[in-house]
Structure formats: structure tokens, C-alpha cells
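Data from final_34.csv: CSV, C-alpha atoms and all ligand atoms
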chain,number,residue,atom,x,y,z
A,1,MET,CA,53.7,61.7,-58.5
A,2,THR,CA,53.2,59.0,-55.9
A,3,LYS,CA,50.8,59.8,-53.1
A,4,ILE,CA,52.0,59.1,-49.6
A,5,SER,CA,49.5,56.5,-48.5
A,6,LYS,CA,51.5,54.6,-45.8
A,7,CYS,CA,53.0,55.6,-42.5
A,8,LEU,CA,55.6,53.5,-40.7
A,9,PHE,CA,55.6,53.5,-36.9
A,10,PRO,CA,58.9,52.1,-35.4
A,11,VAL,CA,57.6,50.9,-32.0
A,12,ALA,CA,59.8,48.0,-31.1
A,13,GLY,CA,61.9,49.8,-28.5
A,14,TYR,CA,61.9,48.8,-24.9
A,15,GLY,CA,61.0,52.2,-23.5
A,16,THR,CA,63.4,51.7,-20.6
A,17,ARG,CA,63.1,55.3,-19.4
A,18,PHE,CA,59.6,54.5,-18.3
A,19,LEU,CA,60.4,51.4,-16.3
A,20,PRO,CA,58.7,49.8,-14.4
A,21,ALA,CA,55.6,51.2,-16.3
A,22,THR,CA,56.8,49.7,-19.6
A,23,LYS,CA,57.7,46.3,-18.3
A,24,ALA,CA,54.3,44.9,-19.4
A,25,ILE,CA,52.8,47.9,-21.2
A,26,PRO,CA,54.3,49.3,-24.4
A,27,LYS,CA,55.5,52.9,-24.1
A,28,GLU,CA,53.3,53.8,-27.0
A,29,MET,CA,50.2,52.7,-25.0
A,30,LEU,CA,50.9,55.2,-22.2
A,31,PRO,CA,48.1,57.8,-22.4
A,32,ILE,CA,48.2,61.5,-22.5
A,33,LEU,CA,44.9,62.0,-20.6
A,34,THR,CA,42.8,59.0,-21.9
A,35,LYS,CA,44.4,58.5,-25.4
A,36,PRO,CA,47.5,56.4,-25.9
A,37,LEU,CA,50.5,58.0,-27.7
A,38,ILE,CA,50.1,55.5,-30.6
A,39,GLN,CA,46.6,56.7,-31.3
A,40,TYR,CA,47.7,60.3,-31.5
A,41,GLY,CA,50.2,59.2,-34.0
A,42,VAL,CA,47.7,57.3,-36.1
A,43,GLU,CA,45.3,60.2,-36.0
A,44,GLU,CA,48.1,62.6,-37.2
A,45,ALA,CA,48.8,60.2,-40.1
A,46,MET,CA,45.1,60.1,-41.0
A,47,SER,CA,45.0,63.9,-40.9
A,48,ALA,CA,47.6,63.8,-43.7
A,49,GLY,CA,45.5,61.6,-45.9
A,50,ILE,CA,47.2,58.3,-45.0
A,51,ASN,CA,45.2,55.2,-44.4
A,52,THR,CA,47.8,52.4,-44.2
A,53,MET,CA,49.6,52.1,-40.9
A,54,VAL,CA,52.7,49.9,-40.7
A,55,MET,CA,53.8,49.0,-37.2
A,56,VAL,CA,57.3,47.7,-36.7
A,57,THR,CA,56.8,46.1,-33.4
A,58,SER,CA,58.1,43.3,-31.1
A,59,GLN,CA,56.6,40.2,-29.5
A,60,TYR,CA,56.2,42.1,-26.2
A,61,LYS,CA,53.9,44.7,-27.7
A,62,GLN,CA,50.7,42.9,-28.6
A,63,ALA,CA,48.7,45.6,-26.8
A,64,ILE,CA,49.2,47.9,-29.7
A,65,LYS,CA,47.6,45.5,-32.1
A,66,HIS,CA,44.7,44.8,-29.7
A,67,HIS,CA,44.1,48.6,-29.4
A,68,PHE,CA,43.4,48.7,-33.2
A,69,GLU,CA,40.9,45.8,-33.1
A,70,ALA,CA,37.3,45.8,-32.1
A,71,HIS,CA,36.5,44.9,-28.5
A,72,VAL,CA,32.9,43.6,-28.7
A,73,GLU,CA,32.4,43.0,-24.9
A,74,ILE,CA,33.5,46.5,-23.9
A,75,GLU,CA,31.5,48.0,-26.7
A,76,SER,CA,28.3,46.3,-25.7
A,77,SER,CA,28.9,47.1,-22.0
A,78,ILE,CA,29.0,50.9,-22.7
A,79,GLN,CA,26.4,50.9,-25.4
A,80,GLY,CA,23.5,53.2,-24.4
A,81,THR,CA,25.5,54.8,-21.5
A,82,ALA,CA,27.2,58.2,-21.2
A,83,LYS,CA,30.4,56.4,-22.1
A,84,ALA,CA,29.2,55.2,-25.5
A,85,SER,CA,31.2,57.7,-27.5
A,86,LEU,CA,34.5,57.1,-25.8
A,87,LEU,CA,35.6,54.6,-28.4
A,88,ASP,CA,34.4,56.6,-31.4
A,89,GLU,CA,37.8,58.0,-32.4
A,90,VAL,CA,39.6,54.7,-32.2
A,91,ASN,CA,36.8,52.9,-34.0
A,92,TYR,CA,36.9,55.5,-36.7
A,93,ALA,CA,40.6,54.7,-37.2
A,94,ILE,CA,39.9,51.0,-37.2
A,95,LYS,CA,37.1,51.4,-39.8
A,96,HIS,CA,39.1,53.7,-42.2
A,97,CYS,CA,42.6,52.3,-42.0
A,98,GLU,CA,44.5,49.1,-42.7
A,99,PHE,CA,47.0,48.0,-40.0
A,100,GLY,CA,50.0,45.9,-40.8
A,101,TYR,CA,52.5,44.5,-38.2
A,102,ILE,CA,56.0,43.1,-38.6
A,103,GLU,CA,58.3,42.2,-35.7
A,104,GLN,CA,61.8,43.5,-35.5
A,105,ALA,CA,63.6,40.5,-34.1
A,106,GLN,CA,66.5,42.3,-32.6
A,107,MET,CA,66.8,45.9,-31.3
A,108,LEU,CA,69.4,47.1,-33.8
A,109,GLY,CA,68.3,50.7,-34.0
A,110,LEU,CA,65.8,53.0,-35.6
A,111,GLY,CA,67.4,52.6,-39.1
A,112,HIS,CA,67.1,48.8,-38.7
A,113,ALA,CA,63.5,49.1,-37.6
A,114,ILE,CA,62.6,51.2,-40.7
A,115,TYR,CA,64.5,48.7,-42.9
A,116,THR,CA,62.4,45.9,-41.3
A,117,GLY,CA,59.2,47.6,-42.5
A,118,GLN,CA,60.3,47.5,-46.1
A,119,VAL,CA,58.3,44.4,-46.8
A,120,LEU,CA,55.1,46.1,-45.9
A,121,ILE,CA,56.0,49.5,-47.4
A,122,GLY,CA,56.9,48.2,-50.9
A,123,ASP,CA,58.1,50.5,-53.6
A,124,GLU,CA,56.6,53.9,-52.8
A,125,PRO,CA,57.6,56.9,-50.6
A,126,PHE,CA,56.3,56.8,-47.1
A,127,ALA,CA,55.9,58.7,-43.9
A,128,VAL,CA,57.5,57.8,-40.5
A,129,ILE,CA,56.1,58.8,-37.1
A,130,LEU,CA,57.8,58.2,-33.8
A,131,PRO,CA,54.7,58.3,-31.5
A,132,ASP,CA,56.7,59.4,-28.5
A,133,ASP,CA,57.2,62.8,-30.2
A,134,LEU,CA,53.7,64.2,-29.8
A,135,CYS,CA,53.0,67.2,-32.0
A,136,THR,CA,50.1,69.7,-31.7
A,137,ASN,CA,49.1,72.4,-34.2
A,138,ASP,CA,46.5,75.1,-34.6
A,139,GLY,CA,46.4,74.4,-38.4
A,140,ASN,CA,47.7,71.5,-40.4
A,141,SER,CA,49.4,68.6,-38.7
A,142,VAL,CA,53.2,68.3,-39.0
A,143,LEU,CA,52.9,65.4,-41.3
A,144,LYS,CA,50.5,67.2,-43.5
A,145,GLN,CA,52.9,70.2,-43.7
A,146,MET,CA,55.7,67.8,-44.7
A,147,ILE,CA,53.7,66.0,-47.3
A,148,SER,CA,52.9,69.4,-48.9
A,149,LEU,CA,56.7,70.1,-49.1
A,150,HIS,CA,57.4,66.7,-50.5
A,151,THR,CA,55.0,67.3,-53.4
A,152,GLN,CA,57.4,70.1,-54.4
A,153,TYR,CA,60.5,68.0,-53.9
A,154,PRO,CA,59.4,64.4,-54.7
A,155,ASP,CA,62.9,63.1,-55.1
A,156,CYS,CA,63.9,64.2,-51.6
A,157,CYS,CA,63.5,62.8,-48.1
A,158,ILE,CA,62.1,65.3,-45.7
A,159,VAL,CA,63.0,65.4,-42.0
A,160,ALA,CA,61.2,67.6,-39.4
A,161,ILE,CA,63.5,69.8,-37.3
A,162,GLU,CA,63.2,72.2,-34.4
A,163,GLU,CA,65.6,74.5,-32.7
A,164,VAL,CA,66.7,73.1,-29.3
A,165,PRO,CA,68.9,74.5,-26.6
A,166,MET,CA,72.6,73.9,-27.6
A,167,ALA,CA,73.1,72.0,-24.3
A,168,ASP,CA,70.5,69.4,-25.5
A,169,VAL,CA,71.9,68.7,-29.0
A,170,ASP,CA,73.6,65.5,-27.8
A,171,LYS,CA,70.1,63.9,-27.5
A,172,TYR,CA,69.3,64.4,-31.2
A,173,GLY,CA,70.5,64.0,-34.8
A,174,VAL,CA,71.5,67.5,-35.9
A,175,ILE,CA,71.6,69.0,-39.4
A,176,GLU,CA,73.7,71.5,-41.2
A,177,GLY,CA,72.3,73.1,-44.4
A,178,GLU,CA,71.3,76.2,-46.3
A,179,LEU,CA,67.8,77.6,-46.7
A,180,LEU,CA,66.1,76.8,-50.0
A,181,ALA,CA,65.8,79.9,-52.1
A,182,GLY,CA,62.8,82.0,-51.0
A,183,SER,CA,62.1,79.8,-48.0
A,184,GLU,CA,62.4,80.6,-44.3
A,185,ASP,CA,61.8,77.1,-43.0
A,186,ALA,CA,63.2,74.5,-45.4
A,187,TYR,CA,66.9,73.7,-45.7
A,188,ARG,CA,68.8,71.6,-48.2
A,189,VAL,CA,70.8,69.4,-45.9
A,190,HIS,CA,74.6,69.2,-46.3
A,191,ALA,CA,75.5,67.3,-43.2
A,192,MET,CA,73.9,65.4,-40.3
A,193,VAL,CA,75.5,64.3,-37.1
A,194,GLU,CA,74.0,61.9,-34.6
A,195,LYS,CA,74.0,63.0,-31.0
A,196,PRO,CA,77.0,65.5,-31.3
A,197,SER,CA,78.5,67.1,-28.2
A,198,PRO,CA,77.5,70.8,-28.0
A,199,MET,CA,81.1,71.7,-28.9
A,200,ASP,CA,81.0,69.7,-32.1
A,201,ALA,CA,77.4,70.4,-33.2
A,202,PRO,CA,77.2,72.3,-36.5
A,203,THR,CA,73.9,73.9,-35.5
A,204,ASN,CA,71.1,73.4,-32.9
A,205,LEU,CA,68.6,72.3,-35.6
A,206,ALA,CA,67.5,68.9,-34.2
A,207,ILE,CA,65.7,66.2,-36.1
A,208,ILE,CA,62.4,65.1,-34.4
A,209,GLY,CA,60.3,62.1,-35.0
A,210,ARG,CA,58.7,62.8,-38.3
A,211,TYR,CA,60.1,61.8,-41.7
A,212,ILE,CA,59.0,61.5,-45.3
A,213,LEU,CA,61.3,58.9,-46.9
A,214,THR,CA,61.8,57.9,-50.6
A,215,THR,CA,62.5,54.2,-51.3
A,216,GLU,CA,66.1,55.1,-51.9
A,217,ILE,CA,66.4,55.0,-48.1
A,218,PHE,CA,66.3,51.2,-48.2
A,219,ASP,CA,69.4,51.0,-50.4
A,220,ALA,CA,71.1,53.6,-48.2
A,221,LEU,CA,70.2,51.6,-45.0
A,222,GLU,CA,71.8,48.5,-46.7
A,223,ASP,CA,75.0,50.5,-47.2
A,224,THR,CA,75.0,51.9,-43.6
A,225,GLN,CA,77.4,50.4,-41.1
A,226,PRO,CA,76.3,49.9,-37.5
A,227,ASP,CA,77.5,52.6,-35.0
A,228,LYS,CA,79.7,51.9,-32.0
A,229,ASN,CA,76.7,50.5,-30.1
A,230,GLY,CA,75.9,48.1,-32.9
A,231,GLU,CA,72.8,50.1,-34.0
A,232,ILE,CA,72.0,51.2,-37.5
A,233,GLN,CA,71.1,54.9,-37.4
A,234,ILE,CA,68.6,56.5,-39.8
A,235,THR,CA,70.7,59.7,-39.6
A,236,ASP,CA,73.7,57.8,-41.1
A,237,ALA,CA,71.6,56.4,-44.0
A,238,LEU,CA,70.0,59.9,-44.6
A,239,MET,CA,73.6,61.3,-44.7
A,240,LEU,CA,74.3,59.2,-47.8
A,241,LEU,CA,71.3,60.7,-49.6
A,242,ALA,CA,72.1,64.2,-48.3
A,243,LYS,CA,75.5,64.0,-50.1
A,244,GLN,CA,73.4,63.8,-53.3
A,245,GLY,CA,71.3,66.8,-52.3
A,246,LYS,CA,68.3,64.6,-51.6
A,247,VAL,CA,67.4,65.5,-48.0
A,248,ILE,CA,65.4,68.6,-47.0
A,249,ALA,CA,65.0,69.6,-43.3
A,250,TYR,CA,61.8,71.4,-42.5
A,251,LYS,CA,61.2,73.6,-39.5
A,252,PHE,CA,57.5,72.8,-38.8
A,253,GLN,CA,54.7,74.9,-37.5
A,254,GLY,CA,53.5,73.6,-34.1
A,255,LYS,CA,54.7,72.3,-30.8
A,256,ARG,CA,56.4,69.0,-30.0
A,257,TYR,CA,56.4,67.2,-26.7
A,258,ASP,CA,59.1,64.6,-26.1
A,259,CYS,CA,57.0,62.0,-24.4
A,260,GLY,CA,59.8,59.5,-24.6
A,261,ASN,CA,61.1,60.9,-21.3
A,262,VAL,CA,59.1,61.4,-18.1
A,263,LYS,CA,59.5,65.2,-17.9
A,264,GLY,CA,58.2,65.7,-21.5
A,265,PHE,CA,55.4,63.3,-20.8
A,266,VAL,CA,54.3,65.3,-17.7
A,267,LEU,CA,54.5,68.6,-19.7
A,268,ALA,CA,52.3,67.1,-22.4
A,269,THR,CA,49.8,65.8,-19.9
A,270,ASN,CA,49.6,69.2,-18.2
A,271,ALA,CA,49.3,71.1,-21.5
A,272,PHE,CA,46.5,68.8,-22.7
A,273,ALA,CA,44.7,69.0,-19.4
A,274,HIS,CA,44.9,72.8,-19.5
A,275,ALA,CA,43.6,72.8,-23.1
A,276,GLN,CA,40.6,70.8,-22.0
A,277,GLY,CA,40.0,73.1,-19.0
A,278,MET,CA,40.5,70.2,-16.5
A,279,ILE,CA,43.2,72.1,-14.5
B,301,LIG,P1,64.1,55.5,-28.4
B,301,LIG,O1,65.4,55.1,-28.0
B,301,LIG,O2,63.6,56.8,-28.2
B,301,LIG,O3,63.0,54.5,-27.8
B,301,LIG,O4,63.9,55.1,-30.0
B,301,LIG,P2,63.2,53.3,-26.8
B,301,LIG,O5,64.4,52.5,-27.1
B,301,LIG,O6,61.9,52.6,-26.8
B,301,LIG,O7,63.3,54.1,-25.4
B,301,LIG,P3,64.3,54.1,-24.2
B,301,LIG,O8,65.5,54.9,-24.6
B,301,LIG,O9,64.7,52.7,-23.9
B,301,LIG,O10,63.5,54.7,-23.1
B,301,LIG,C1,63.2,55.9,-30.9
B,301,LIG,C2,62.1,55.2,-31.6
B,301,LIG,O11,62.6,54.1,-32.3
B,301,LIG,C3,62.1,52.9,-32.0
B,301,LIG,C4,61.5,53.1,-30.6
B,301,LIG,O12,60.4,52.2,-30.4
B,301,LIG,C5,61.1,54.5,-30.6
B,301,LIG,O13,59.8,54.7,-31.2
B,301,LIG,N1,63.1,51.8,-32.1
B,301,LIG,C6,64.3,52.0,-31.6
B,301,LIG,C7,62.8,50.6,-32.7
B,301,LIG,O14,61.6,50.4,-33.2
B,301,LIG,N2,63.7,49.7,-32.8
B,301,LIG,C8,65.0,49.9,-32.3
B,301,LIG,O15,65.8,48.9,-32.5
B,301,LIG,C9,65.3,51.1,-31.7

Would you give me this structure, written as C-alpha cells?
Ligand code: UTP
Amino acid sequence: MTKISKCLFPVAGYGTRFLPATKAIPKEMLPILTKPLIQYGVEEAMSAGINTMVMVTSQYKQAIKHHFEAHVEIESSIQGTAKASLLDEVNYAIKHCEFGYIEQAQMLGLGHAIYTGQVLIGDEPFAVILPDDLCTNDGNSVLKQMISLHTQYPDCCIVAIEEVPMADVDKYGVIEGELLAGSEDAYRVHAMVEKPSPMDAPTNLAIIGRYILTTEIFDALEDTQPDKNGEIQITDALMLLAKQGKVIAYKFQGKRYDCGNVKGFVLATNAFAHAQGMI
């Protein structure tokens, strides 16, 4: 079985919900306390044994690349001071991981962003993290839990799901499926709908920003038509594989903060500050 060794981060989006903050600073560089969202994502991937990070980015987001490079001047200025350890975590990631970057020339949707990364992913199953979904756990990270499930179902894509209020389903891709025999948290997916109205939603089981994808997703993305906004949706491509019984939805252990909107970002900031005894 192929080990999951690469994680793709689709980070080309404009982050318009955070304007004007995101005019010059990538959304993924906004910090929860002192650590940018993208670093939390990279650390989650590392916790799952992954050491190759593939960033699908845009020309306006060079700061992400700079974050994962050494900064000799800052390092020498804090050396020997109380701040000396503040770069330890990011330097650990820089030392132990490979980082690859590819630009998505046009914002044609999450599915298109993932397809753009194919050239750096190659011919092996891979993980996807949307860094604005920030996940916390007492035990194994969400991605580690998903990789463990994937080892049991190596022919399947795995999507992370959580129950959301019915009134909020129109913000998500929603699944319909049946529990796998003997499982209380993994469903064989029969149908997926992108952003349904609460009236039309088959369930309130919403897909969040963690995926394990097999390379069959790239053929599926080629066969996927753009939606009414001209975007290629990953949900539509996954639906093609779900029809063959090749998608499993996993209700993960842990908590997710939707840091892609201001309210979720503030909630995450408060929770992290509380956890550190700051407030
Ligand atoms: P979002 O819609 O949540 O992010 O896309 P956004 O577009 O950056 O934010 P808003 O809505 O304008 O505030 C989900 C993820 O998919 C990536 C985004 O960067 C984000 O991580 N994405 C989306 C791409 O990489 N390319 C796209 O064409 C679309």
C-alpha cells in the first residue's frame, strides 16, 4: 500500500471575507495568537507523518513561501535573547519538510486548484488541508485519523465531515450515505450536494477542509463540468467516484474552527488564548 507522504494546500483564494486585511497579506498568514493558519496546517500534516507540502498558490501570496524559508537577519537578532525559541516550530518544519509551490493562474474553484497541484503530487494518494479550517484534538490529529481509515480502504477517497445546524448547510458540501458495517463514524457516500438549501439537503453532515484523495480524482476532475459560477467543485468530482462506492465520509474526533470567516476566527483566537491561560 502507498504511504501518504504529500499534502496539498489549496491557498490561491482571495480571502475576500477578510478585506481589507487580506489585500496585501494572504488569509493563510493571519495568525491565531502568534502562529499563522498555514503553519497550523503544515504541523497537522507533519503529525500525520507527511513531509512533502504542496502549496497551490497565486502570485499575490509570496508571503507563504517566505514563511517557510530561513530568515537569517531575524534569527541572528533574537539569538541569545528570551525570544530565541519563537522560531523553533517553523524552523523544525523547514528542516524536516520539502515545500513545493505551483500557481493557479485563474481562480476557477477548489477542484481546479487541486487539479493544478497534480504535477507536484504525481501518481500517489495524497492529503488535502484547507488551512482556514483549523482543527484541534486531544489525541490524534484529524488527518492522522483519516490516514488510519484510508489504510483500511486504500481504494477510497476519505472526506472529513461534521454535523452542522440545518440552517448552515448552504455553506457546505453535504453528504448522504450509510454507516459502514460495525462503524459509528464512517459512511459509504451515496450522494453529495454542494451548498444545498436547508429544504433540499439530504442530511446535515457537512464536508470540512480535510481530504484523502486517490489519484482517480484527477480523471474525475477532468470529467467535471464547471458550475453556474464557472468553478470546478471538488464535491462534483468526488460524486463521480461516490457513484462507484469509492468515497467514505468520516466524522472526526476533535473540534473545528472555521477561520475563513471573521466570527470563526475570533472564536478560535479566544479558545486558543483560553487554552494558554492568557484570558
Ligand atoms: P474559500 O472560498 O473558502 O476561500 O475557498 P477564499 O476564496 O480565499 O475566501 P473568500 O470566500 O473570498 O473569503 C476554500 C479554499 O479553497 C482555496 C482557497 O484558498 C481556500 O483555501 N481556493 C478556492 C483556491 O485555492 N482556488 C480557488 O480557485 C478557489

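Restricting the calculation to all atoms listed in the file, the smallest distance between ligand LIG 301 (chain B) and any of A:Tyr92, A:Phe68, A:Phe218, A:Tyr101 is found for A:Tyr101.
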
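For the residues A:Ala70, A:Ala237, A:Ile129, A:Ile121, ranking by smallest atom-to-atom distance to ligand LIG 301 (chain B) using only C-alpha atoms and all ligand atoms places A:Ile129 first.
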
**Item:** d(CA of Gln79 in chain A, CA of His67 in chain A) in Å
**Value:** 18.3 Å

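Here CA of His96 in chain A and CA of Thr81 in chain A stand 24.8 Å from one another.
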
**Request:** May I have the residues within 10 Å of Thr57 in chain A as a list in words, using all atoms listed in the file and disregarding those fewer than 2 positions away in the same chain?
**Result:** Phe9, Pro10, Val11, Ala12, Gly13, Pro26, Val54, Met55, Gln59, Tyr60, Lys61, Gln62, Ile64, Lys65, Tyr101, Ile102, Glu103, Gln104, Ala105, Ala113, Thr116 and Gly117 of chain A

**Request:** Name each residue within 9 Å of ligand LIG 301 (chain B), counting all atoms listed in the file, as a VMD selection string.
**Result:** chain A and resid 9 to 19 26 to 28 55 to 58 104 to 114 129 to 133 209 231 to 233 260 to 261
